file upload-v4.cif (mmCIF, C-alpha atoms)
data_input
#
loop_
_atom_site.label_atom_id
_atom_site.label_comp_id
_atom_site.auth_asym_id
_atom_site.auth_seq_id
_atom_site.Cartn_x
_atom_site.Cartn_y
_atom_site.Cartn_z
CA MET A 251 -0.65 -28.86 -53.87
CA GLU A 252 0.16 -32.33 -55.12
CA PHE A 253 -1.68 -35.62 -55.12
CA ARG A 254 -1.34 -39.01 -56.70
CA ILE A 255 -3.57 -40.53 -59.40
CA ARG A 256 -4.01 -44.26 -59.77
CA GLY A 257 -5.53 -45.74 -62.92
CA VAL A 258 -8.93 -47.43 -62.49
CA GLY A 259 -8.82 -49.23 -65.84
CA VAL A 260 -7.59 -49.24 -69.43
CA ILE A 261 -9.14 -47.94 -72.66
CA HIS A 262 -8.76 -50.26 -75.65
CA THR A 263 -9.18 -48.76 -79.12
CA CYS A 264 -8.25 -49.35 -82.76
CA HIS A 265 -5.94 -46.30 -82.63
CA ALA A 266 -2.45 -47.80 -82.36
CA THR A 267 -0.44 -44.66 -83.15
CA LYS A 268 -0.82 -40.94 -82.49
CA ASP A 269 -1.06 -40.18 -86.22
CA GLU A 270 -4.09 -42.41 -86.70
CA THR A 271 -5.84 -41.30 -83.51
CA PRO A 272 -8.58 -38.79 -84.36
CA VAL A 273 -8.16 -35.24 -83.05
CA GLN A 274 -11.64 -35.48 -81.53
CA GLY A 275 -14.26 -38.23 -81.33
CA ALA A 276 -16.65 -36.04 -83.36
CA PHE A 277 -14.35 -36.55 -86.34
CA GLN A 278 -14.65 -40.35 -86.18
CA PRO A 279 -17.99 -41.09 -84.51
CA ASP A 280 -17.94 -44.74 -85.65
CA ALA A 281 -14.67 -45.56 -83.89
CA VAL A 282 -15.60 -48.22 -81.34
CA GLY A 283 -13.54 -49.16 -78.32
CA THR A 284 -13.84 -50.78 -74.93
CA VAL A 285 -13.32 -49.34 -71.49
CA GLU A 286 -12.06 -52.03 -69.13
CA LEU A 287 -12.49 -51.23 -65.48
CA PHE A 288 -10.18 -53.07 -63.10
CA PRO A 289 -12.39 -55.64 -61.29
CA GLU A 290 -12.05 -53.97 -57.87
CA PHE A 291 -13.80 -50.86 -59.24
CA ALA A 292 -16.57 -52.71 -61.13
CA PRO A 293 -19.24 -52.17 -58.40
CA GLY A 294 -18.95 -48.45 -59.20
CA LEU A 295 -20.56 -49.12 -62.61
CA LYS A 296 -24.01 -49.91 -61.13
CA ASP A 297 -26.70 -48.13 -63.22
CA ILE A 298 -24.21 -46.82 -65.79
CA GLU A 299 -26.43 -48.41 -68.48
CA MET A 300 -29.03 -45.70 -67.78
CA PHE A 301 -26.84 -43.18 -69.62
CA SER A 302 -26.40 -42.82 -73.37
CA HIS A 303 -23.19 -40.77 -73.08
CA LEU A 304 -20.25 -40.89 -70.68
CA ILE A 305 -17.37 -38.55 -69.97
CA LEU A 306 -14.04 -40.39 -69.77
CA LEU A 307 -11.06 -38.91 -67.95
CA TYR A 308 -7.75 -40.49 -68.88
CA HIS A 309 -4.00 -40.04 -68.73
CA PHE A 310 -2.21 -38.76 -71.83
CA ASP A 311 0.49 -41.29 -70.98
CA ARG A 312 2.45 -40.88 -74.24
CA ALA A 313 2.27 -37.08 -74.47
CA GLY A 314 5.45 -35.14 -75.20
CA LYS A 315 6.99 -32.17 -73.47
CA VAL A 316 4.63 -29.54 -72.06
CA GLU A 317 4.58 -26.30 -74.05
CA LEU A 318 2.42 -23.50 -72.65
CA VAL A 319 2.00 -21.83 -76.06
CA ARG A 320 1.97 -23.99 -79.17
CA GLU A 321 0.33 -24.88 -82.49
CA PRO A 322 -2.52 -27.32 -81.90
CA PHE A 323 -3.58 -30.01 -84.40
CA LEU A 324 -6.30 -27.99 -86.15
CA ASP A 325 -4.56 -24.61 -86.53
CA ASP A 326 -1.14 -23.32 -87.55
CA THR A 327 -1.34 -20.31 -85.21
CA PRO A 328 0.03 -20.86 -81.69
CA HIS A 329 -2.49 -20.69 -78.82
CA GLY A 330 -2.16 -20.98 -75.06
CA ILE A 331 -2.34 -24.64 -74.02
CA PHE A 332 -5.45 -23.89 -71.90
CA ALA A 333 -7.17 -22.59 -75.06
CA THR A 334 -6.50 -25.95 -76.78
CA ARG A 335 -7.26 -29.62 -76.13
CA HIS A 336 -3.72 -30.67 -77.04
CA PRO A 337 -2.20 -33.54 -74.97
CA CYS A 338 1.09 -31.76 -74.14
CA ARG A 339 -0.37 -29.87 -71.17
CA PRO A 340 0.36 -29.59 -67.46
CA ASN A 341 -1.10 -32.62 -65.65
CA SER A 342 -1.64 -34.53 -68.94
CA ILE A 343 -5.31 -35.40 -68.35
CA GLY A 344 -7.69 -35.76 -71.28
CA ILE A 345 -11.48 -35.82 -71.34
CA SER A 346 -13.74 -37.26 -74.04
CA THR A 347 -17.48 -37.72 -74.24
CA VAL A 348 -18.34 -41.09 -75.79
CA ARG A 349 -21.55 -42.98 -76.56
CA LEU A 350 -22.24 -45.99 -74.35
CA LEU A 351 -23.08 -48.91 -76.65
CA GLY A 352 -23.22 -51.74 -74.13
CA ARG A 353 -21.82 -53.33 -71.01
CA GLU A 354 -20.56 -56.77 -70.11
CA GLY A 355 -19.53 -56.89 -66.48
CA ASN A 356 -16.55 -54.60 -66.02
CA ILE A 357 -16.23 -53.87 -69.78
CA LEU A 358 -18.04 -51.00 -71.50
CA LYS A 359 -18.37 -50.81 -75.27
CA VAL A 360 -18.19 -47.17 -76.41
CA GLY A 361 -18.52 -45.23 -79.67
CA GLY A 362 -16.77 -42.07 -80.85
CA ILE A 363 -13.56 -42.86 -78.97
CA ASP A 364 -10.53 -40.70 -79.75
CA VAL A 365 -7.75 -42.02 -77.52
CA LEU A 366 -4.68 -44.16 -78.11
CA ASP A 367 -5.01 -47.89 -77.49
CA GLY A 368 -3.92 -48.80 -73.97
CA THR A 369 -4.62 -45.37 -72.45
CA PRO A 370 -4.98 -45.47 -68.64
CA LEU A 371 -8.49 -44.64 -67.42
CA ILE A 372 -8.77 -42.22 -64.49
CA ASP A 373 -12.53 -41.71 -64.09
CA ILE A 374 -15.94 -42.14 -65.72
CA LYS A 375 -18.72 -39.60 -65.21
CA PRO A 376 -22.26 -39.69 -66.57
CA TYR A 377 -22.90 -37.03 -69.23
CA VAL A 378 -26.02 -35.09 -68.22
CA PRO A 379 -27.24 -32.60 -70.86
CA ARG A 380 -28.70 -30.24 -68.22
CA PHE A 381 -25.19 -29.86 -66.74
CA ASP A 382 -22.92 -30.46 -69.71
CA SER A 383 -24.61 -29.39 -72.95
CA PHE A 384 -24.12 -25.78 -74.08
CA PRO A 385 -24.97 -25.83 -77.79
CA ASP A 386 -24.72 -22.04 -78.04
CA ALA A 387 -21.19 -21.78 -76.61
CA SER A 388 -18.71 -20.01 -78.88
CA GLU A 389 -16.25 -22.09 -80.88
CA GLY A 390 -13.32 -19.72 -80.31
CA TRP A 391 -10.49 -20.37 -82.75
CA PHE A 392 -12.02 -23.79 -83.61
CA ALA A 393 -14.73 -21.96 -85.61
CA GLY A 394 -14.58 -23.11 -89.21
CA LYS A 395 -11.65 -25.47 -88.55
CA LYS A 396 -12.31 -28.76 -90.29
CA ASN A 397 -10.78 -32.12 -89.52
CA ARG A 398 -7.37 -32.71 -91.09
CA ALA A 399 -4.38 -35.01 -90.74
CA LYS A 400 -2.15 -34.04 -87.82
CA PRO A 401 0.69 -31.90 -89.18
CA PRO A 402 4.15 -33.52 -88.73
CA GLY A 403 5.89 -32.76 -85.44
CA ARG A 404 2.75 -31.68 -83.63
CA GLU A 405 3.02 -34.66 -81.22
CA MET C 267 -0.28 -47.01 -63.27
CA GLU C 268 0.31 -43.99 -61.06
CA PHE C 269 1.27 -40.40 -61.68
CA ARG C 270 1.44 -37.17 -59.77
CA ILE C 271 -0.80 -34.12 -60.19
CA ARG C 272 0.36 -30.64 -59.32
CA GLY C 273 -2.14 -27.77 -58.98
CA VAL C 274 -1.85 -25.03 -61.60
CA GLY C 275 -3.99 -22.53 -59.68
CA VAL C 276 -6.81 -21.97 -57.19
CA ILE C 277 -10.55 -21.46 -57.68
CA HIS C 278 -12.07 -18.73 -55.49
CA THR C 279 -15.85 -18.81 -54.96
CA CYS C 280 -18.52 -17.61 -52.55
CA HIS C 281 -19.16 -21.25 -51.52
CA ALA C 282 -17.44 -21.54 -48.13
CA THR C 283 -18.99 -24.85 -47.00
CA LYS C 284 -20.09 -28.06 -48.70
CA ASP C 285 -23.71 -27.46 -47.68
CA GLU C 286 -23.92 -24.12 -49.47
CA THR C 287 -22.04 -25.29 -52.57
CA PRO C 288 -24.53 -26.00 -55.37
CA VAL C 289 -24.80 -29.61 -56.58
CA GLN C 290 -24.20 -28.36 -60.13
CA GLY C 291 -23.50 -24.97 -61.67
CA ALA C 292 -26.77 -25.22 -63.62
CA PHE C 293 -28.61 -24.86 -60.30
CA GLN C 294 -26.91 -21.56 -59.49
CA PRO C 295 -25.95 -19.98 -62.82
CA ASP C 296 -25.39 -16.55 -61.25
CA ALA C 297 -22.70 -17.76 -58.84
CA VAL C 298 -19.58 -15.86 -59.85
CA GLY C 299 -16.04 -16.85 -58.94
CA THR C 300 -12.47 -16.35 -60.03
CA VAL C 301 -9.96 -18.82 -61.38
CA GLU C 302 -6.45 -17.77 -60.38
CA LEU C 303 -3.70 -19.37 -62.40
CA PHE C 304 -0.28 -19.49 -60.78
CA PRO C 305 1.85 -16.90 -62.65
CA GLU C 306 4.21 -19.48 -64.16
CA PHE C 307 1.26 -20.99 -66.10
CA ALA C 308 -0.27 -17.65 -67.22
CA PRO C 309 1.23 -17.80 -70.76
CA GLY C 310 -0.99 -20.87 -71.32
CA LEU C 311 -4.07 -18.58 -71.20
CA LYS C 312 -3.26 -16.89 -74.53
CA ASP C 313 -6.50 -16.63 -76.62
CA ILE C 314 -8.71 -18.04 -73.83
CA GLU C 315 -10.92 -14.92 -74.23
CA MET C 316 -12.09 -16.35 -77.58
CA PHE C 317 -14.23 -18.89 -75.72
CA SER C 318 -17.55 -18.26 -73.96
CA HIS C 319 -17.39 -21.46 -71.90
CA LEU C 320 -14.52 -23.33 -70.25
CA ILE C 321 -14.22 -26.77 -68.71
CA LEU C 322 -12.44 -26.67 -65.35
CA LEU C 323 -10.77 -29.75 -63.89
CA TYR C 324 -10.11 -29.53 -60.18
CA HIS C 325 -9.26 -31.56 -57.11
CA PHE C 326 -12.07 -32.50 -54.71
CA ASP C 327 -9.60 -31.74 -51.93
CA ARG C 328 -12.13 -31.95 -49.09
CA ALA C 329 -14.00 -35.05 -50.28
CA GLY C 330 -14.69 -37.84 -47.81
CA LYS C 331 -14.10 -41.57 -48.04
CA VAL C 332 -14.54 -43.21 -51.43
CA GLU C 333 -17.67 -45.36 -51.66
CA LEU C 334 -18.17 -47.26 -54.92
CA VAL C 335 -21.95 -47.49 -54.46
CA ARG C 336 -23.74 -44.70 -52.64
CA GLU C 337 -26.66 -42.24 -52.51
CA PRO C 338 -25.80 -39.13 -54.49
CA PHE C 339 -27.08 -35.63 -53.64
CA LEU C 340 -30.14 -35.68 -55.93
CA ASP C 341 -31.48 -39.19 -55.28
CA ASP C 342 -32.09 -41.46 -52.28
CA THR C 343 -31.38 -44.61 -54.27
CA PRO C 344 -27.74 -45.79 -54.28
CA HIS C 345 -25.93 -45.72 -57.63
CA GLY C 346 -22.45 -46.74 -58.71
CA ILE C 347 -20.03 -43.85 -58.20
CA PHE C 348 -19.25 -43.79 -61.96
CA ALA C 349 -22.98 -43.23 -62.61
CA THR C 350 -22.87 -40.12 -60.37
CA ARG C 351 -20.94 -36.87 -60.18
CA HIS C 352 -20.43 -37.21 -56.43
CA PRO C 353 -17.03 -36.02 -55.06
CA CYS C 354 -16.27 -39.20 -53.06
CA ARG C 355 -14.82 -41.07 -56.03
CA PRO C 356 -11.54 -42.73 -56.93
CA ASN C 357 -9.02 -40.06 -57.99
CA SER C 358 -11.22 -37.22 -56.62
CA ILE C 359 -11.21 -35.08 -59.77
CA GLY C 360 -14.19 -32.87 -60.60
CA ILE C 361 -15.14 -31.20 -63.86
CA SER C 362 -17.43 -28.20 -64.35
CA THR C 363 -18.32 -26.14 -67.39
CA VAL C 364 -18.45 -22.44 -66.54
CA ARG C 365 -19.09 -19.22 -68.46
CA LEU C 366 -16.04 -17.03 -69.02
CA LEU C 367 -16.99 -13.48 -67.99
CA GLY C 368 -13.63 -11.76 -68.24
CA ARG C 369 -9.89 -11.95 -67.76
CA GLU C 370 -7.33 -9.80 -66.00
CA GLY C 371 -3.87 -11.22 -66.48
CA ASN C 372 -3.73 -14.59 -64.73
CA ILE C 373 -7.23 -14.23 -63.21
CA LEU C 374 -10.40 -15.39 -64.98
CA LYS C 375 -13.85 -14.29 -63.85
CA VAL C 376 -16.35 -17.13 -64.35
CA GLY C 377 -20.09 -17.66 -63.93
CA GLY C 378 -22.05 -20.76 -62.89
CA ILE C 379 -19.30 -22.01 -60.61
CA ASP C 380 -20.16 -24.91 -58.29
CA VAL C 381 -16.98 -25.66 -56.34
CA LEU C 382 -15.83 -24.95 -52.81
CA ASP C 383 -13.78 -21.81 -52.22
CA GLY C 384 -10.06 -22.57 -52.37
CA THR C 385 -10.37 -25.64 -54.61
CA PRO C 386 -7.10 -26.55 -56.36
CA LEU C 387 -7.24 -26.12 -60.14
CA ILE C 388 -5.79 -28.94 -62.26
CA ASP C 389 -6.57 -27.88 -65.83
CA ILE C 390 -8.64 -25.57 -68.05
CA LYS C 391 -9.94 -26.71 -71.43
CA PRO C 392 -11.95 -24.72 -73.97
CA TYR C 393 -15.55 -25.93 -74.28
CA VAL C 394 -16.26 -26.58 -77.95
CA PRO C 395 -19.91 -27.38 -78.73
CA ARG C 396 -18.98 -29.56 -81.73
CA PHE C 397 -17.00 -31.83 -79.37
CA ASP C 398 -18.78 -31.39 -76.05
CA SER C 399 -22.47 -30.62 -76.59
CA PHE C 400 -24.87 -33.57 -76.79
CA PRO C 401 -28.30 -32.07 -76.09
CA ASP C 402 -30.08 -35.34 -76.89
CA ALA C 403 -28.08 -37.48 -74.46
CA SER C 404 -30.21 -39.36 -71.95
CA GLU C 405 -30.45 -38.04 -68.41
CA GLY C 406 -30.27 -41.48 -66.77
CA TRP C 407 -31.43 -41.42 -63.17
CA PHE C 408 -31.09 -37.59 -63.16
CA ALA C 409 -34.27 -37.39 -65.29
CA GLY C 410 -36.89 -35.39 -63.41
CA LYS C 411 -34.60 -34.81 -60.40
CA LYS C 412 -34.87 -31.21 -59.32
CA ASN C 413 -32.40 -29.24 -57.27
CA ARG C 414 -32.70 -29.73 -53.51
CA ALA C 415 -30.69 -29.15 -50.36
CA LYS C 416 -28.00 -31.77 -49.85
CA PRO C 417 -29.41 -34.42 -47.48
CA PRO C 418 -27.48 -34.63 -44.16
CA GLY C 419 -24.51 -36.98 -44.15
CA ARG C 420 -24.17 -37.13 -47.93
CA GLU C 421 -20.73 -35.40 -47.72
#

call {"tool": "encode", "arguments": {"input": "upload-v4.cif", "output": "structure tokens"}}
result
Amino acid sequence: MEFRIRGVGVIHTCHATKDETPVQGAFQPDAVGTVELFPEFAPGLKDIEMFSHLILLYHFDRAGKVELVREPFLDDTPHGIFATRHPCRPNSIGISTVRLLGREGNILKVGGIDVLDGTPLIDIKPYVPRFDSFPDASEGWFAGKKNRAKPPGRE
Amino acid sequence: MEFRIRGVGVIHTCHATKDETPVQGAFQPDAVGTVELFPEFAPGLKDIEMFSHLILLYHFDRAGKVELVREPFLDDTPHGIFATRHPCRPNSIGISTVRLLGREGNILKVGGIDVLDGTPLIDIKPYVPRFDSFPDASEGWFAGKKNRAKPPGRE
């Protein structure tokens, strides 16, 4: 099974390099960016302002080689790539939930953004707590892991 | 910007037709299915059992024509496609958070699954409440919308 993805926009952020890009938006909730939808897709934004949070899907376009078992950013023990959020994964798609701060035409202003500047946007979905919020889910190996600088060589 | 997606597995469920597939997993939390990873990707599952919830990314492989503004399943008012979770969207990728019930080798047993039987799997990510749970997010137009049968012709 194969199919082709075409970007629907670009995410602009203050994160110019991988090292300065936060591991997760939760670690830098004040990071503000803009999501620029290509004009032909702008009609699809109708009523987006009704939502406080959005789920962005995007292409990890500068990710390195896929490794199925590897050290992630927040731990020095290797885990399976599907038990991590690391970018070097099959199909190189990332997801992030961001706060919607405002909209001007085809441009959304968002908070808590954790992606590299210039990242290609694949999709936007409304975050709906009834469907997406599971506050009692386990943290797995993330439990107790605090934010830290990305160790060298982790991509 | 274009890139190619290759399935990493198949999702098996009891939902054989679109009509009987729940609109969201939250509406049928007891629906159990299996996520079969192709054997070459199985090493990437190491430590997945540490998580109670997983985010599945999959291909809406039987979705109809993309419409940028349309009636979704739960409302009779048209909304922009990016303000809905409807399958008929650019890039036809769906996401669902499911409960992990067990694992046997490259097969995961999951609960609360809301996808059609045979859906191609694109990615699995661990659900981490610190990063993914926003219980106070607004519900947008979903507020007060209860589960219902999919209206005819909604795809």

call {"tool": "residues_around", "arguments": {"input": "upload-v4.cif", "residues": "Arg420 (chain C)", "least_positions_apart": "3", "cutoff": "7 Å", "atoms": "all atoms listed in the file", "output": "list in words"}}
result
Phe339, Lys416 and Pro417 of chain C

call {"tool": "interface_residues", "arguments": {"input": "upload-v4.cif", "of": "chain C", "to": "chain A", "cutoff": "6 Å", "atoms": "all atoms listed in the file", "output": "PyMOL selection string"}}
result
chain C and resi 267-273+292+310-312+314+316-318+334-335+345-349+357+390-392+394-395+397+399-401+403-406

call {"tool": "closest_residue", "arguments": {"input": "upload-v4.cif", "among": "A:Val273, A:Val316, A:Leu324, A:Ala266", "to": "Gly394 (chain A)", "atoms": "all atoms listed in the file"}}
result
A:Leu324

call {"tool": "atom_distance", "arguments": {"input": "upload-v4.cif", "atom1": "CA of Asn356 (chain A)", "atom2": "CA of Glu337 (chain C)"}}
result
20.9 Å

call {"tool": "axis_aligned_box", "arguments": {"input": "upload-v4.cif", "around": "region 409-421 of chain C", "padding_each_side": "5 Å", "output": "lines of an AutoDock Vina configuration file"}}
result
center_x = -28.8
center_y = -33.3
center_z = -54.7
size_x = 26.2
size_y = 18.2
size_z = 31.1

call {"tool": "residues_around", "arguments": {"input": "upload-v4.cif", "residues": "His281 (chain C)", "least_positions_apart": "6", "cutoff": "10 Å", "atoms": "all atoms listed in the file", "output": "VMD selection string"}}
result
chain C and resid 287 to 288 297 to 299 379 to 384

call {"tool": "decode", "arguments": {"input": "upload-v4.cif", "residues": "region 282-307 of chain C", "atoms": "N, CA, C and O atoms", "output": "PDB file, in the first residue's frame"}}
result
ATOM      1  N   ALA C 282     -17.281  -3.586   9.143  1.00  0.00           N
ATOM      2  CA  ALA C 282     -17.095  -4.011   7.756  1.00  0.00           C
ATOM      3  C   ALA C 282     -17.556  -2.956   6.751  1.00  0.00           C
ATOM      4  O   ALA C 282     -17.108  -2.959   5.600  1.00  0.00           O
ATOM      5  N   THR C 283     -18.456  -2.065   7.155  1.00  0.00           N
ATOM      6  CA  THR C 283     -18.971  -1.043   6.229  1.00  0.00           C
ATOM      7  C   THR C 283     -18.878   0.332   6.889  1.00  0.00           C
ATOM      8  O   THR C 283     -18.808   0.445   8.121  1.00  0.00           O
ATOM      9  N   LYS C 284     -18.912   1.367   6.051  1.00  0.00           N
ATOM     10  CA  LYS C 284     -18.833   2.733   6.583  1.00  0.00           C
ATOM     11  C   LYS C 284     -19.999   3.020   7.525  1.00  0.00           C
ATOM     12  O   LYS C 284     -19.830   3.656   8.562  1.00  0.00           O
ATOM     13  N   ASP C 285     -21.193   2.525   7.160  1.00  0.00           N
ATOM     14  CA  ASP C 285     -22.375   2.828   7.970  1.00  0.00           C
ATOM     15  C   ASP C 285     -22.254   2.298   9.391  1.00  0.00           C
ATOM     16  O   ASP C 285     -22.730   2.919  10.336  1.00  0.00           O
ATOM     17  N   GLU C 286     -21.628   1.126   9.549  1.00  0.00           N
ATOM     18  CA  GLU C 286     -21.552   0.550  10.895  1.00  0.00           C
ATOM     19  C   GLU C 286     -20.289   0.966  11.643  1.00  0.00           C
ATOM     20  O   GLU C 286     -20.108   0.595  12.802  1.00  0.00           O
ATOM     21  N   THR C 287     -19.416   1.724  10.989  1.00  0.00           N
ATOM     22  CA  THR C 287     -18.200   2.198  11.661  1.00  0.00           C
ATOM     23  C   THR C 287     -18.552   3.400  12.523  1.00  0.00           C
ATOM     24  O   THR C 287     -19.158   4.349  12.029  1.00  0.00           O
ATOM     25  N   PRO C 288     -18.208   3.376  13.815  1.00  0.00           N
ATOM     26  CA  PRO C 288     -18.588   4.518  14.656  1.00  0.00           C
ATOM     27  C   PRO C 288     -17.913   5.806  14.196  1.00  0.00           C
ATOM     28  O   PRO C 288     -16.812   5.790  13.637  1.00  0.00           O
ATOM     29  N   VAL C 289     -18.587   6.936  14.430  1.00  0.00           N
ATOM     30  CA  VAL C 289     -18.046   8.246  14.045  1.00  0.00           C
ATOM     31  C   VAL C 289     -16.753   8.532  14.800  1.00  0.00           C
ATOM     32  O   VAL C 289     -15.804   9.083  14.249  1.00  0.00           O
ATOM     33  N   GLN C 290     -16.723   8.125  16.085  1.00  0.00           N
ATOM     34  CA  GLN C 290     -15.514   8.250  16.897  1.00  0.00           C
ATOM     35  C   GLN C 290     -15.458   7.064  17.848  1.00  0.00           C
ATOM     36  O   GLN C 290     -16.506   6.537  18.241  1.00  0.00           O
ATOM     37  N   GLY C 291     -14.263   6.694  18.258  1.00  0.00           N
ATOM     38  CA  GLY C 291     -14.098   5.586  19.183  1.00  0.00           C
ATOM     39  C   GLY C 291     -14.835   5.810  20.499  1.00  0.00           C
ATOM     40  O   GLY C 291     -15.322   4.864  21.122  1.00  0.00           O
ATOM     41  N   ALA C 292     -14.941   7.093  20.917  1.00  0.00           N
ATOM     42  CA  ALA C 292     -15.615   7.406  22.178  1.00  0.00           C
ATOM     43  C   ALA C 292     -17.073   6.944  22.159  1.00  0.00           C
ATOM     44  O   ALA C 292     -17.671   6.728  23.207  1.00  0.00           O
ATOM     45  N   PHE C 293     -17.647   6.807  20.972  1.00  0.00           N
ATOM     46  CA  PHE C 293     -19.045   6.395  20.864  1.00  0.00           C
ATOM     47  C   PHE C 293     -19.206   4.873  20.910  1.00  0.00           C
ATOM     48  O   PHE C 293     -20.326   4.374  20.938  1.00  0.00           O
ATOM     49  N   GLN C 294     -18.109   4.150  20.829  1.00  0.00           N
ATOM     50  CA  GLN C 294     -18.181   2.690  20.897  1.00  0.00           C
ATOM     51  C   GLN C 294     -16.916   2.171  21.589  1.00  0.00           C
ATOM     52  O   GLN C 294     -16.095   1.474  20.969  1.00  0.00           O
ATOM     53  N   PRO C 295     -16.760   2.516  22.867  1.00  0.00           N
ATOM     54  CA  PRO C 295     -15.492   2.220  23.548  1.00  0.00           C
ATOM     55  C   PRO C 295     -15.196   0.727  23.658  1.00  0.00           C
ATOM     56  O   PRO C 295     -14.040   0.355  23.856  1.00  0.00           O
ATOM     57  N   ASP C 296     -16.227  -0.115  23.515  1.00  0.00           N
ATOM     58  CA  ASP C 296     -15.996  -1.557  23.654  1.00  0.00           C
ATOM     59  C   ASP C 296     -15.601  -2.226  22.338  1.00  0.00           C
ATOM     60  O   ASP C 296     -15.355  -3.437  22.311  1.00  0.00           O
ATOM     61  N   ALA C 297     -15.575  -1.485  21.254  1.00  0.00           N
ATOM     62  CA  ALA C 297     -15.191  -2.084  19.972  1.00  0.00           C
ATOM     63  C   ALA C 297     -13.714  -2.470  20.021  1.00  0.00           C
ATOM     64  O   ALA C 297     -12.839  -1.623  20.190  1.00  0.00           O
ATOM     65  N   VAL C 298     -13.469  -3.757  19.870  1.00  0.00           N
ATOM     66  CA  VAL C 298     -12.094  -4.261  19.967  1.00  0.00           C
ATOM     67  C   VAL C 298     -11.581  -4.608  18.570  1.00  0.00           C
ATOM     68  O   VAL C 298     -12.342  -5.099  17.723  1.00  0.00           O
ATOM     69  N   GLY C 299     -10.336  -4.338  18.320  1.00  0.00           N
ATOM     70  CA  GLY C 299      -9.730  -4.677  17.035  1.00  0.00           C
ATOM     71  C   GLY C 299      -8.280  -5.060  17.234  1.00  0.00           C
ATOM     72  O   GLY C 299      -7.773  -5.063  18.366  1.00  0.00           O
ATOM     73  N   THR C 300      -7.627  -5.406  16.139  1.00  0.00           N
ATOM     74  CA  THR C 300      -6.202  -5.708  16.222  1.00  0.00           C
ATOM     75  C   THR C 300      -5.433  -4.848  15.218  1.00  0.00           C
ATOM     76  O   THR C 300      -5.922  -4.540  14.132  1.00  0.00           O
ATOM     77  N   VAL C 301      -4.257  -4.474  15.637  1.00  0.00           N
ATOM     78  CA  VAL C 301      -3.343  -3.705  14.794  1.00  0.00           C
ATOM     79  C   VAL C 301      -2.203  -4.643  14.447  1.00  0.00           C
ATOM     80  O   VAL C 301      -1.442  -5.052  15.337  1.00  0.00           O
ATOM     81  N   GLU C 302      -2.122  -5.023  13.186  1.00  0.00           N
ATOM     82  CA  GLU C 302      -1.086  -5.961  12.742  1.00  0.00           C
ATOM     83  C   GLU C 302       0.039  -5.181  12.079  1.00  0.00           C
ATOM     84  O   GLU C 302      -0.161  -4.543  11.042  1.00  0.00           O
ATOM     85  N   LEU C 303       1.205  -5.221  12.686  1.00  0.00           N
ATOM     86  CA  LEU C 303       2.352  -4.558  12.080  1.00  0.00           C
ATOM     87  C   LEU C 303       3.024  -5.532  11.130  1.00  0.00           C
ATOM     88  O   LEU C 303       3.171  -6.727  11.457  1.00  0.00           O
ATOM     89  N   PHE C 304       3.433  -5.081   9.958  1.00  0.00           N
ATOM     90  CA  PHE C 304       4.190  -5.975   9.088  1.00  0.00           C
ATOM     91  C   PHE C 304       5.474  -6.379   9.825  1.00  0.00           C
ATOM     92  O   PHE C 304       6.084  -5.551  10.520  1.00  0.00           O
ATOM     93  N   PRO C 305       5.876  -7.669   9.686  1.00  0.00           N
ATOM     94  CA  PRO C 305       6.971  -8.191  10.531  1.00  0.00           C
ATOM     95  C   PRO C 305       8.245  -7.355  10.479  1.00  0.00           C
ATOM     96  O   PRO C 305       8.936  -7.222  11.494  1.00  0.00           O
ATOM     97  N   GLU C 306       8.548  -6.746   9.338  1.00  0.00           N
ATOM     98  CA  GLU C 306       9.809  -5.991   9.252  1.00  0.00           C
ATOM     99  C   GLU C 306       9.807  -4.755  10.162  1.00  0.00           C
ATOM    100  O   GLU C 306      10.864  -4.187  10.441  1.00  0.00           O
ATOM    101  N   PHE C 307       8.615  -4.307  10.615  1.00  0.00           N
ATOM    102  CA  PHE C 307       8.555  -3.142  11.494  1.00  0.00           C
ATOM    103  C   PHE C 307       8.383  -3.530  12.968  1.00  0.00           C
ATOM    104  O   PHE C 307       8.367  -2.661  13.848  1.00  0.00           O
TER     105      PHE C 307
END
